[in-house]
file entry_3.cif (mmCIF, C-alpha atoms)
data_work
loop_
_atom_site.label_atom_id
_atom_site.label_comp_id
_atom_site.auth_asym_id
_atom_site.auth_seq_id
_atom_site.Cartn_x
_atom_site.Cartn_y
_atom_site.Cartn_z
CA MET A 91 0.00 0.00 0.00
CA LYS A 92 2.89 2.35 0.88
CA GLU A 93 4.36 1.68 -2.55
CA ILE A 94 1.09 2.65 -4.31
CA ILE A 95 0.91 5.89 -2.34
CA LYS A 96 4.57 6.63 -3.13
CA ILE A 97 3.98 6.03 -6.86
CA GLY A 98 0.87 8.23 -6.70
CA TRP A 99 2.79 11.11 -5.13
CA GLN A 100 5.65 10.69 -7.59
CA THR A 101 3.16 10.87 -10.46
CA LEU A 102 1.56 14.01 -9.04
CA ARG A 103 4.97 15.65 -8.58
CA LYS A 104 6.29 14.57 -11.96
CA PRO A 105 6.62 17.59 -14.22
CA SER A 106 4.70 17.89 -17.45
CA ALA A 107 6.37 19.95 -20.12
CA TYR A 108 6.24 23.01 -17.82
CA PHE A 109 4.25 22.19 -14.66
CA SER A 110 3.94 19.23 -12.31
CA LEU A 111 0.85 17.04 -12.59
CA GLY A 112 -0.07 17.98 -9.02
CA PHE A 113 0.03 21.67 -9.91
CA LEU A 114 -2.17 21.03 -12.95
CA VAL A 115 -4.69 19.00 -10.91
CA ILE A 116 -4.89 21.55 -8.08
CA GLY A 117 -4.91 24.43 -10.57
CA GLY A 118 -7.68 22.72 -12.55
CA PHE A 119 -9.67 22.18 -9.36
CA ILE A 120 -9.37 25.85 -8.37
CA ALA A 121 -10.22 26.98 -11.91
CA GLY A 122 -13.27 24.69 -11.83
CA ILE A 123 -14.47 26.26 -8.57
CA ILE A 124 -14.03 29.76 -10.02
CA PHE A 125 -15.85 28.78 -13.23
CA TRP A 126 -18.68 27.12 -11.29
CA GLY A 127 -19.01 30.12 -8.99
CA GLY A 128 -19.17 32.50 -11.94
CA PHE A 129 -21.63 30.29 -13.82
CA ASN A 130 -23.91 29.89 -10.81
CA THR A 131 -23.76 33.64 -10.05
CA ALA A 132 -24.76 34.45 -13.64
CA LEU A 133 -27.52 31.83 -13.49
CA GLU A 134 -28.97 33.30 -10.32
CA ALA A 135 -28.65 36.87 -11.63
CA THR A 136 -30.79 35.91 -14.63
CA ASN A 137 -33.30 34.30 -12.28
CA THR A 138 -34.60 37.49 -10.68
CA GLU A 139 -37.66 39.58 -11.39
CA GLU A 140 -35.42 42.61 -11.96
CA PHE A 141 -33.68 40.76 -14.78
CA CYS A 142 -36.98 39.55 -16.27
CA ILE A 143 -38.49 43.03 -16.47
CA SER A 144 -35.26 44.71 -17.56
CA CYS A 145 -36.52 44.64 -21.15
CA HIS A 146 -39.51 46.82 -21.94
CA GLU A 147 -41.31 43.95 -23.71
CA MET A 148 -41.83 42.26 -20.35
CA GLU A 149 -42.10 45.32 -18.11
CA ASN A 150 -44.70 47.09 -20.25
CA ASN A 151 -46.79 44.05 -21.09
CA VAL A 152 -46.96 40.99 -18.84
CA TYR A 153 -45.50 42.63 -15.72
CA GLU A 154 -48.19 45.31 -15.77
CA GLU A 155 -50.81 42.55 -15.98
CA LEU A 156 -49.24 40.62 -13.10
CA LYS A 157 -49.50 43.70 -10.86
CA THR A 158 -53.30 43.47 -10.94
CA THR A 159 -53.49 39.85 -9.76
CA ILE A 160 -53.54 38.05 -6.42
CA HIS A 161 -50.13 36.59 -7.22
CA PHE A 162 -48.66 40.12 -6.95
CA SER A 163 -50.52 41.52 -3.93
CA ASN A 164 -52.73 39.66 -1.48
CA ARG A 165 -53.81 39.47 2.16
CA SER A 166 -51.09 36.96 3.10
CA GLY A 167 -48.19 39.01 1.70
CA VAL A 168 -46.83 36.09 -0.34
CA ARG A 169 -45.87 37.30 -3.80
CA ALA A 170 -44.92 35.26 -6.84
CA THR A 171 -42.20 36.75 -9.03
CA CYS A 172 -41.60 35.96 -12.70
CA PRO A 173 -39.05 33.16 -12.02
CA ASP A 174 -41.35 31.55 -9.43
CA CYS A 175 -43.82 30.69 -12.19
CA HIS A 176 -41.62 30.50 -15.26
CA VAL A 177 -38.40 28.84 -14.04
CA PRO A 178 -38.31 25.45 -12.33
CA HIS A 179 -36.59 25.34 -8.95
CA LYS A 180 -34.76 22.02 -9.46
CA TRP A 181 -31.30 22.68 -10.92
CA THR A 182 -31.45 20.31 -13.91
CA ASP A 183 -34.91 21.53 -14.90
CA LYS A 184 -33.76 25.13 -14.42
CA ILE A 185 -30.82 24.62 -16.79
CA ALA A 186 -33.09 23.05 -19.41
CA ARG A 187 -35.54 25.98 -19.09
CA LYS A 188 -32.70 28.52 -19.35
CA MET A 189 -31.46 26.88 -22.56
CA GLN A 190 -35.00 26.92 -23.92
CA ALA A 191 -35.42 30.57 -22.90
CA SER A 192 -32.20 31.53 -24.70
CA LYS A 193 -34.27 31.41 -27.91
CA GLU A 194 -36.18 34.37 -26.51
CA VAL A 195 -33.00 36.44 -26.82
CA TRP A 196 -33.37 36.17 -30.59
CA GLY A 197 -36.87 37.60 -30.27
CA LYS A 198 -35.40 40.53 -28.35
CA ILE A 199 -32.62 41.08 -30.90
CA PHE A 200 -34.98 40.95 -33.89
CA GLY A 201 -37.80 42.92 -32.23
CA THR A 202 -40.40 40.16 -32.48
CA ILE A 203 -42.56 41.63 -29.72
CA ASN A 204 -40.95 45.04 -29.16
CA THR A 205 -44.22 46.97 -29.50
CA ARG A 206 -47.57 46.46 -27.80
CA GLU A 207 -49.16 45.64 -31.15
CA LYS A 208 -46.55 42.96 -31.96
CA PHE A 209 -46.88 41.54 -28.46
CA LEU A 210 -50.65 41.27 -28.78
CA ALA A 211 -50.27 39.66 -32.21
CA HIS A 212 -48.02 36.96 -30.66
CA ARG A 213 -49.84 36.69 -27.31
CA LYS A 214 -51.75 33.50 -28.14
CA GLN A 215 -48.64 31.71 -29.42
CA LEU A 216 -46.62 32.83 -26.38
CA ALA A 217 -49.38 31.71 -24.00
CA GLN A 218 -49.79 28.35 -25.72
CA ASN A 219 -46.03 27.73 -25.51
CA GLU A 220 -46.14 28.36 -21.77
CA TRP A 221 -49.32 26.29 -21.25
CA ARG A 222 -47.74 23.41 -23.18
CA ARG A 223 -44.59 23.61 -21.04
CA LEU A 224 -46.58 23.66 -17.79
CA LYS A 225 -48.80 20.81 -18.95
CA ALA A 226 -45.71 18.74 -19.83
CA ASN A 227 -44.15 19.21 -16.39
CA ASP A 228 -47.43 18.72 -14.47
CA SER A 229 -47.52 22.42 -13.48
CA LEU A 230 -44.35 21.99 -11.47
CA GLU A 231 -43.88 25.69 -10.81
CA CYS A 232 -47.45 25.98 -9.46
CA ARG A 233 -46.82 23.05 -7.16
CA ASN A 234 -43.73 24.70 -5.67
CA CYS A 235 -46.17 26.91 -3.71
CA HIS A 236 -49.54 25.15 -4.02
CA ASN A 237 -49.28 21.70 -2.49
CA PHE A 238 -52.24 19.39 -3.11
CA ASP A 239 -51.62 17.55 0.17
CA TYR A 240 -52.32 20.74 2.15
CA MET A 241 -55.40 21.96 0.27
CA ASP A 242 -58.37 22.66 2.51
CA PHE A 243 -61.31 21.71 0.31
CA THR A 244 -63.76 23.12 2.87
CA SER A 245 -62.34 26.61 2.21
CA GLN A 246 -62.78 26.27 -1.56
CA SER A 247 -65.88 26.81 -3.66
CA SER A 248 -67.81 23.60 -4.25
CA ARG A 249 -66.78 23.60 -7.93
CA ALA A 250 -63.07 24.07 -7.10
CA ALA A 251 -63.17 21.44 -4.35
CA LYS A 252 -64.82 18.96 -6.72
CA GLN A 253 -62.27 19.57 -9.51
CA HIS A 254 -59.29 19.45 -7.15
CA SER A 255 -60.45 16.32 -5.34
CA THR A 256 -61.24 14.43 -8.55
CA SER A 257 -59.45 15.60 -11.70
CA LEU A 258 -56.34 16.98 -10.00
CA ALA A 259 -56.10 14.14 -7.47
CA SER A 260 -56.37 11.49 -10.19
CA GLY A 261 -53.82 13.17 -12.43
CA ASP A 262 -56.34 13.62 -15.25
CA LYS A 263 -55.76 17.37 -15.09
CA THR A 264 -52.98 19.64 -13.93
CA CYS A 265 -53.14 23.19 -12.60
CA ILE A 266 -52.72 24.94 -15.96
CA ASP A 267 -55.65 23.06 -17.50
CA CYS A 268 -58.07 25.17 -15.45
CA HIS A 269 -56.00 28.15 -14.34
CA LYS A 270 -54.97 29.73 -17.64
CA GLY A 271 -54.81 33.49 -17.26
CA ILE A 272 -54.26 33.32 -13.50
CA ALA A 273 -51.48 35.93 -13.63
CA HIS A 274 -51.77 37.41 -17.13
CA GLN A 275 -54.55 38.41 -19.47
CA LEU A 276 -55.82 35.71 -21.76
CA PRO A 277 -55.41 35.87 -25.53
CA ASP A 278 -58.30 35.18 -27.87
CA MET A 279 -59.29 31.73 -26.61
CA LYS A 280 -61.10 30.61 -29.77
CA GLY A 281 -59.91 27.13 -30.66
CA VAL A 282 -58.17 26.51 -27.32
CA GLU A 283 -58.95 22.98 -26.16
CA GLY A 284 -61.20 22.79 -23.12
CA TRP A 285 -62.15 26.44 -23.25
CA HIS A 286 -65.79 27.45 -23.61
#

call {"tool": "encode", "arguments": {"input": "entry_3.cif", "output": "structure tokens"}}
result
Amino acid sequence: MKEIIKIGWQTLRKPSAYFSLGFLVIGGFIAGIIFWGGFNTALEATNTEEFCISCHEMENNVYEELKTTIHFSNRSGVRATCPDCHVPHKWTDKIARKMQASKEVWGKIFGTINTREKFLAHRKQLAQNEWRRLKANDSLECRNCHNFDYMDFTSQSSRAAKQHSTSLASGDKTCIDCHKGIAHQLPDMKGVEGWH
């Protein structure tokens, strides 16, 4: 065993063309920590409401709508921010969502929704993209705050209690199936499945 350790240390101290292997390993480890710290800092900086509304497309359109809803101001003082509803909390899901959202940068660069008129023209497509994403992940972002296990059906309307205790409980439906437009105005809903 002593011989293996001795060989290991000799290998780590053995110089490469310019630096010892040990220096390269330790240097690589430190560089990795610095890279990870920078990456994570940038990731978190882009995961704030301030970042989300830093472009006028968001601030002047959907953020103004959010301000009129119970998710923005309510009796309990709990407020949902843009990332709470639009970015998953789990790291792997967050990275996937950030990569998907990077396509939105192209929309910013090319002015796809840079005026109110353009935004309204794309509203239905934008909403359907988000509804599809939430449907696919079983409304994960909703469930970060709204936990089915703690719902008090006696405090809900009879219709809500019935839907939650049957369709939601069985997995036939997810939050977004019934709660479209909960934080933003709805587009023209003609042709949207399940909408009357």

call {"tool": "resolve_selection", "arguments": {"input": "entry_3.cif", "expression": "the PyMOL selection byres ((chain A and resi 235) around 12)", "output": "list of chain:residue names"}}
result
A:His161, A:Val168, A:Arg169, A:Ala170, A:Thr171, A:Asp174, A:Cys175, A:Pro178, A:His179, A:Ser229, A:Leu230, A:Glu231, A:Cys232, A:Arg233, A:Asn234, A:His236, A:Asn237, A:Phe238, A:Asp239, A:Tyr240, A:Met241, A:Cys265

call {"tool": "atom_distance", "arguments": {"input": "entry_3.cif", "atom1": "atom CA of Thr158 of chain A", "atom2": "atom CA of His274 of chain A"}}
result
8.8 Å

call {"tool": "closest_residue", "arguments": {"input": "entry_3.cif", "among": "A:Glu147, A:Asp267, A:Glu220, A:Glu194", "to": "Glu207 of chain A", "atoms": "only C-alpha atoms"}}
result
A:Glu147

call {"tool": "resolve_selection", "arguments": {"input": "entry_3.cif", "expression": "the PyMOL selection byres ((chain A and resi 213) around 10)", "output": "ChimeraX atom specification"}}
result
/A:152,203,207-212,214-219,275-278

call {"tool": "closest_residue", "arguments": {"input": "entry_3.cif", "among": "A:Glu149, A:Glu93, A:Glu134, A:Glu155", "to": "Ile272 of chain A", "atoms": "only C-alpha atoms"}}
result
A:Glu155

call {"tool": "residues_around", "arguments": {"input": "entry_3.cif", "residues": "Lys188 of chain A", "least_positions_apart": "6", "cutoff": "9 Å", "atoms": "all atoms listed in the file", "output": "ChimeraX atom specification"}}
result
/A:133,136,177

call {"tool": "resolve_selection", "arguments": {"input": "entry_3.cif", "expression": "the PyMOL selection byres ((chain A and resi 253) around 12)", "output": "number ranges by chain"}}
result
A: 238, 243, 246-252, 254-265, 267-269

call {"tool": "atom_distance", "arguments": {"input": "entry_3.cif", "atom1": "atom CA of Gly112 of chain A", "atom2": "atom CA of Ile124 of chain A"}}
result
18.3 Å

call {"tool": "atom_distance", "arguments": {"input": "entry_3.cif", "atom1": "atom CA of Cys172 of chain A", "atom2": "atom CA of Cys142 of chain A"}}
result
6.9 Å

call {"tool": "axis_aligned_box", "arguments": {"input": "entry_3.cif", "around": "segment 195-211 of chain A", "padding_each_side": "5 Å", "output": "JSON"}}
result
{"center_x": -41.6, "center_y": 41.6, "center_z": -30.4, "size_x": 28.0, "size_y": 20.8, "size_z": 17.1}

call {"tool": "closest_residue", "arguments": {"input": "entry_3.cif", "among": "A:Trp99, A:Trp196, A:Trp285, A:Phe141", "to": "Phe113 of chain A", "atoms": "all atoms listed in the file"}}
result
A:Trp99

call {"tool": "closest_residue", "arguments": {"input": "entry_3.cif", "among": "A:Arg165, A:Arg223, A:Arg103, A:Arg206", "to": "Gln190 of chain A", "atoms": "all atoms listed in the file"}}
result
A:Arg223

call {"tool": "closest_residue", "arguments": {"input": "entry_3.cif", "among": "A:Gly118, A:Pro173, A:Lys180, A:Gly271", "to": "Ile143 of chain A", "atoms": "only C-alpha atoms"}}
result
A:Pro173

call {"tool": "closest_residue", "arguments": {"input": "entry_3.cif", "among": "A:Gly201, A:Ile120, A:Tyr108, A:Leu156", "to": "Ala273 of chain A", "atoms": "all atoms listed in the file"}}
result
A:Leu156

call {"tool": "decode", "arguments": {"input": "entry_3.cif", "residues": "segment 193-233 of chain A", "atoms": "N, CA and C atoms", "output": "PDB file, in the first residue's frame"}}
result
ATOM      1  N   LYS A 193     -33.671  31.085 -26.605  1.00  0.00           N
ATOM      2  CA  LYS A 193     -34.268  31.411 -27.908  1.00  0.00           C
ATOM      3  C   LYS A 193     -34.996  32.752 -27.855  1.00  0.00           C
ATOM      4  N   GLU A 194     -35.463  33.114 -26.660  1.00  0.00           N
ATOM      5  CA  GLU A 194     -36.185  34.373 -26.510  1.00  0.00           C
ATOM      6  C   GLU A 194     -35.273  35.579 -26.726  1.00  0.00           C
ATOM      7  N   VAL A 195     -33.964  35.376 -26.563  1.00  0.00           N
ATOM      8  CA  VAL A 195     -33.003  36.442 -26.816  1.00  0.00           C
ATOM      9  C   VAL A 195     -33.068  36.845 -28.287  1.00  0.00           C
ATOM     10  N   TRP A 196     -33.244  35.862 -29.163  1.00  0.00           N
ATOM     11  CA  TRP A 196     -33.373  36.173 -30.592  1.00  0.00           C
ATOM     12  C   TRP A 196     -34.589  37.048 -30.847  1.00  0.00           C
ATOM     13  N   GLY A 197     -35.677  36.758 -30.135  1.00  0.00           N
ATOM     14  CA  GLY A 197     -36.869  37.604 -30.266  1.00  0.00           C
ATOM     15  C   GLY A 197     -36.588  39.029 -29.849  1.00  0.00           C
ATOM     16  N   LYS A 198     -35.788  39.192 -28.810  1.00  0.00           N
ATOM     17  CA  LYS A 198     -35.400  40.530 -28.348  1.00  0.00           C
ATOM     18  C   LYS A 198     -34.538  41.217 -29.400  1.00  0.00           C
ATOM     19  N   ILE A 199     -33.541  40.504 -29.919  1.00  0.00           N
ATOM     20  CA  ILE A 199     -32.617  41.081 -30.898  1.00  0.00           C
ATOM     21  C   ILE A 199     -33.357  41.513 -32.165  1.00  0.00           C
ATOM     22  N   PHE A 200     -34.284  40.665 -32.634  1.00  0.00           N
ATOM     23  CA  PHE A 200     -34.975  40.952 -33.890  1.00  0.00           C
ATOM     24  C   PHE A 200     -36.282  41.713 -33.707  1.00  0.00           C
ATOM     25  N   GLY A 201     -36.623  42.089 -32.474  1.00  0.00           N
ATOM     26  CA  GLY A 201     -37.798  42.920 -32.231  1.00  0.00           C
ATOM     27  C   GLY A 201     -39.121  42.222 -32.483  1.00  0.00           C
ATOM     28  N   THR A 202     -39.189  40.930 -32.210  1.00  0.00           N
ATOM     29  CA  THR A 202     -40.395  40.157 -32.484  1.00  0.00           C
ATOM     30  C   THR A 202     -41.621  40.699 -31.754  1.00  0.00           C
ATOM     31  N   ILE A 203     -41.433  41.113 -30.499  1.00  0.00           N
ATOM     32  CA  ILE A 203     -42.560  41.631 -29.717  1.00  0.00           C
ATOM     33  C   ILE A 203     -42.210  42.972 -29.072  1.00  0.00           C
ATOM     34  N   ASN A 204     -41.446  43.808 -29.765  1.00  0.00           N
ATOM     35  CA  ASN A 204     -40.951  45.037 -29.158  1.00  0.00           C
ATOM     36  C   ASN A 204     -41.964  46.181 -29.111  1.00  0.00           C
ATOM     37  N   THR A 205     -43.154  45.978 -29.647  1.00  0.00           N
ATOM     38  CA  THR A 205     -44.221  46.969 -29.501  1.00  0.00           C
ATOM     39  C   THR A 205     -45.447  46.268 -28.924  1.00  0.00           C
ATOM     40  N   ARG A 206     -46.347  47.031 -28.368  1.00  0.00           N
ATOM     41  CA  ARG A 206     -47.568  46.455 -27.797  1.00  0.00           C
ATOM     42  C   ARG A 206     -48.353  45.707 -28.874  1.00  0.00           C
ATOM     43  N   GLU A 207     -48.411  46.265 -30.061  1.00  0.00           N
ATOM     44  CA  GLU A 207     -49.156  45.638 -31.154  1.00  0.00           C
ATOM     45  C   GLU A 207     -48.542  44.284 -31.531  1.00  0.00           C
ATOM     46  N   LYS A 208     -47.215  44.229 -31.637  1.00  0.00           N
ATOM     47  CA  LYS A 208     -46.547  42.963 -31.959  1.00  0.00           C
ATOM     48  C   LYS A 208     -46.743  41.953 -30.835  1.00  0.00           C
ATOM     49  N   PHE A 209     -46.672  42.431 -29.599  1.00  0.00           N
ATOM     50  CA  PHE A 209     -46.878  41.537 -28.461  1.00  0.00           C
ATOM     51  C   PHE A 209     -48.274  40.928 -28.507  1.00  0.00           C
ATOM     52  N   LEU A 210     -49.271  41.764 -28.729  1.00  0.00           N
ATOM     53  CA  LEU A 210     -50.652  41.267 -28.780  1.00  0.00           C
ATOM     54  C   LEU A 210     -50.847  40.297 -29.945  1.00  0.00           C
ATOM     55  N   ALA A 211     -50.175  40.552 -31.049  1.00  0.00           N
ATOM     56  CA  ALA A 211     -50.274  39.657 -32.208  1.00  0.00           C
ATOM     57  C   ALA A 211     -49.674  38.279 -31.899  1.00  0.00           C
ATOM     58  N   HIS A 212     -48.677  38.221 -31.030  1.00  0.00           N
ATOM     59  CA  HIS A 212     -48.019  36.961 -30.663  1.00  0.00           C
ATOM     60  C   HIS A 212     -48.516  36.385 -29.339  1.00  0.00           C
ATOM     61  N   ARG A 213     -49.419  37.081 -28.661  1.00  0.00           N
ATOM     62  CA  ARG A 213     -49.842  36.687 -27.315  1.00  0.00           C
ATOM     63  C   ARG A 213     -50.346  35.246 -27.249  1.00  0.00           C
ATOM     64  N   LYS A 214     -51.188  34.848 -28.189  1.00  0.00           N
ATOM     65  CA  LYS A 214     -51.749  33.502 -28.138  1.00  0.00           C
ATOM     66  C   LYS A 214     -50.656  32.450 -28.285  1.00  0.00           C
ATOM     67  N   GLN A 215     -49.738  32.651 -29.217  1.00  0.00           N
ATOM     68  CA  GLN A 215     -48.639  31.706 -29.418  1.00  0.00           C
ATOM     69  C   GLN A 215     -47.763  31.641 -28.168  1.00  0.00           C
ATOM     70  N   LEU A 216     -47.433  32.785 -27.592  1.00  0.00           N
ATOM     71  CA  LEU A 216     -46.615  32.828 -26.378  1.00  0.00           C
ATOM     72  C   LEU A 216     -47.313  32.106 -25.232  1.00  0.00           C
ATOM     73  N   ALA A 217     -48.608  32.366 -25.069  1.00  0.00           N
ATOM     74  CA  ALA A 217     -49.377  31.715 -23.997  1.00  0.00           C
ATOM     75  C   ALA A 217     -49.440  30.205 -24.217  1.00  0.00           C
ATOM     76  N   GLN A 218     -49.698  29.790 -25.445  1.00  0.00           N
ATOM     77  CA  GLN A 218     -49.790  28.353 -25.724  1.00  0.00           C
ATOM     78  C   GLN A 218     -48.456  27.644 -25.483  1.00  0.00           C
ATOM     79  N   ASN A 219     -47.349  28.313 -25.798  1.00  0.00           N
ATOM     80  CA  ASN A 219     -46.035  27.731 -25.508  1.00  0.00           C
ATOM     81  C   ASN A 219     -45.877  27.493 -24.009  1.00  0.00           C
ATOM     82  N   GLU A 220     -46.282  28.477 -23.225  1.00  0.00           N
ATOM     83  CA  GLU A 220     -46.142  28.356 -21.768  1.00  0.00           C
ATOM     84  C   GLU A 220     -47.126  27.328 -21.209  1.00  0.00           C
ATOM     85  N   TRP A 221     -48.334  27.294 -21.699  1.00  0.00           N
ATOM     86  CA  TRP A 221     -49.321  26.294 -21.250  1.00  0.00           C
ATOM     87  C   TRP A 221     -48.829  24.880 -21.572  1.00  0.00           C
ATOM     88  N   ARG A 222     -48.265  24.714 -22.759  1.00  0.00           N
ATOM     89  CA  ARG A 222     -47.744  23.408 -23.177  1.00  0.00           C
ATOM     90  C   ARG A 222     -46.593  22.980 -22.251  1.00  0.00           C
ATOM     91  N   ARG A 223     -45.713  23.917 -21.924  1.00  0.00           N
ATOM     92  CA  ARG A 223     -44.586  23.612 -21.041  1.00  0.00           C
ATOM     93  C   ARG A 223     -45.081  23.213 -19.650  1.00  0.00           C
ATOM     94  N   LEU A 224     -46.044  23.975 -19.115  1.00  0.00           N
ATOM     95  CA  LEU A 224     -46.575  23.658 -17.786  1.00  0.00           C
ATOM     96  C   LEU A 224     -47.353  22.343 -17.793  1.00  0.00           C
ATOM     97  N   LYS A 225     -48.068  22.072 -18.847  1.00  0.00           N
ATOM     98  CA  LYS A 225     -48.796  20.806 -18.954  1.00  0.00           C
ATOM     99  C   LYS A 225     -47.796  19.641 -18.964  1.00  0.00           C
ATOM    100  N   ALA A 226     -46.707  19.806 -19.701  1.00  0.00           N
ATOM    101  CA  ALA A 226     -45.712  18.737 -19.825  1.00  0.00           C
ATOM    102  C   ALA A 226     -45.006  18.441 -18.500  1.00  0.00           C
ATOM    103  N   ASN A 227     -44.843  19.464 -17.665  1.00  0.00           N
ATOM    104  CA  ASN A 227     -44.146  19.212 -16.393  1.00  0.00           C
ATOM    105  C   ASN A 227     -45.115  19.133 -15.206  1.00  0.00           C
ATOM    106  N   ASP A 228     -46.400  18.881 -15.500  1.00  0.00           N
ATOM    107  CA  ASP A 228     -47.432  18.724 -14.469  1.00  0.00           C
ATOM    108  C   ASP A 228     -47.513  19.955 -13.572  1.00  0.00           C
ATOM    109  N   SER A 229     -47.412  21.133 -14.191  1.00  0.00           N
ATOM    110  CA  SER A 229     -47.517  22.418 -13.484  1.00  0.00           C
ATOM    111  C   SER A 229     -46.561  22.483 -12.295  1.00  0.00           C
ATOM    112  N   LEU A 230     -45.348  22.060 -12.526  1.00  0.00           N
ATOM    113  CA  LEU A 230     -44.345  21.985 -11.472  1.00  0.00           C
ATOM    114  C   LEU A 230     -44.166  23.305 -10.724  1.00  0.00           C
ATOM    115  N   GLU A 231     -44.091  24.407 -11.458  1.00  0.00           N
ATOM    116  CA  GLU A 231     -43.880  25.691 -10.805  1.00  0.00           C
ATOM    117  C   GLU A 231     -45.063  26.066  -9.909  1.00  0.00           C
ATOM    118  N   CYS A 232     -46.280  25.732 -10.317  1.00  0.00           N
ATOM    119  CA  CYS A 232     -47.452  25.984  -9.464  1.00  0.00           C
ATOM    120  C   CYS A 232     -47.315  25.205  -8.167  1.00  0.00           C
ATOM    121  N   ARG A 233     -46.887  23.966  -8.302  1.00  0.00           N
ATOM    122  CA  ARG A 233     -46.818  23.051  -7.160  1.00  0.00           C
ATOM    123  C   ARG A 233     -45.679  23.396  -6.188  1.00  0.00           C
TER     124      ARG A 233
END
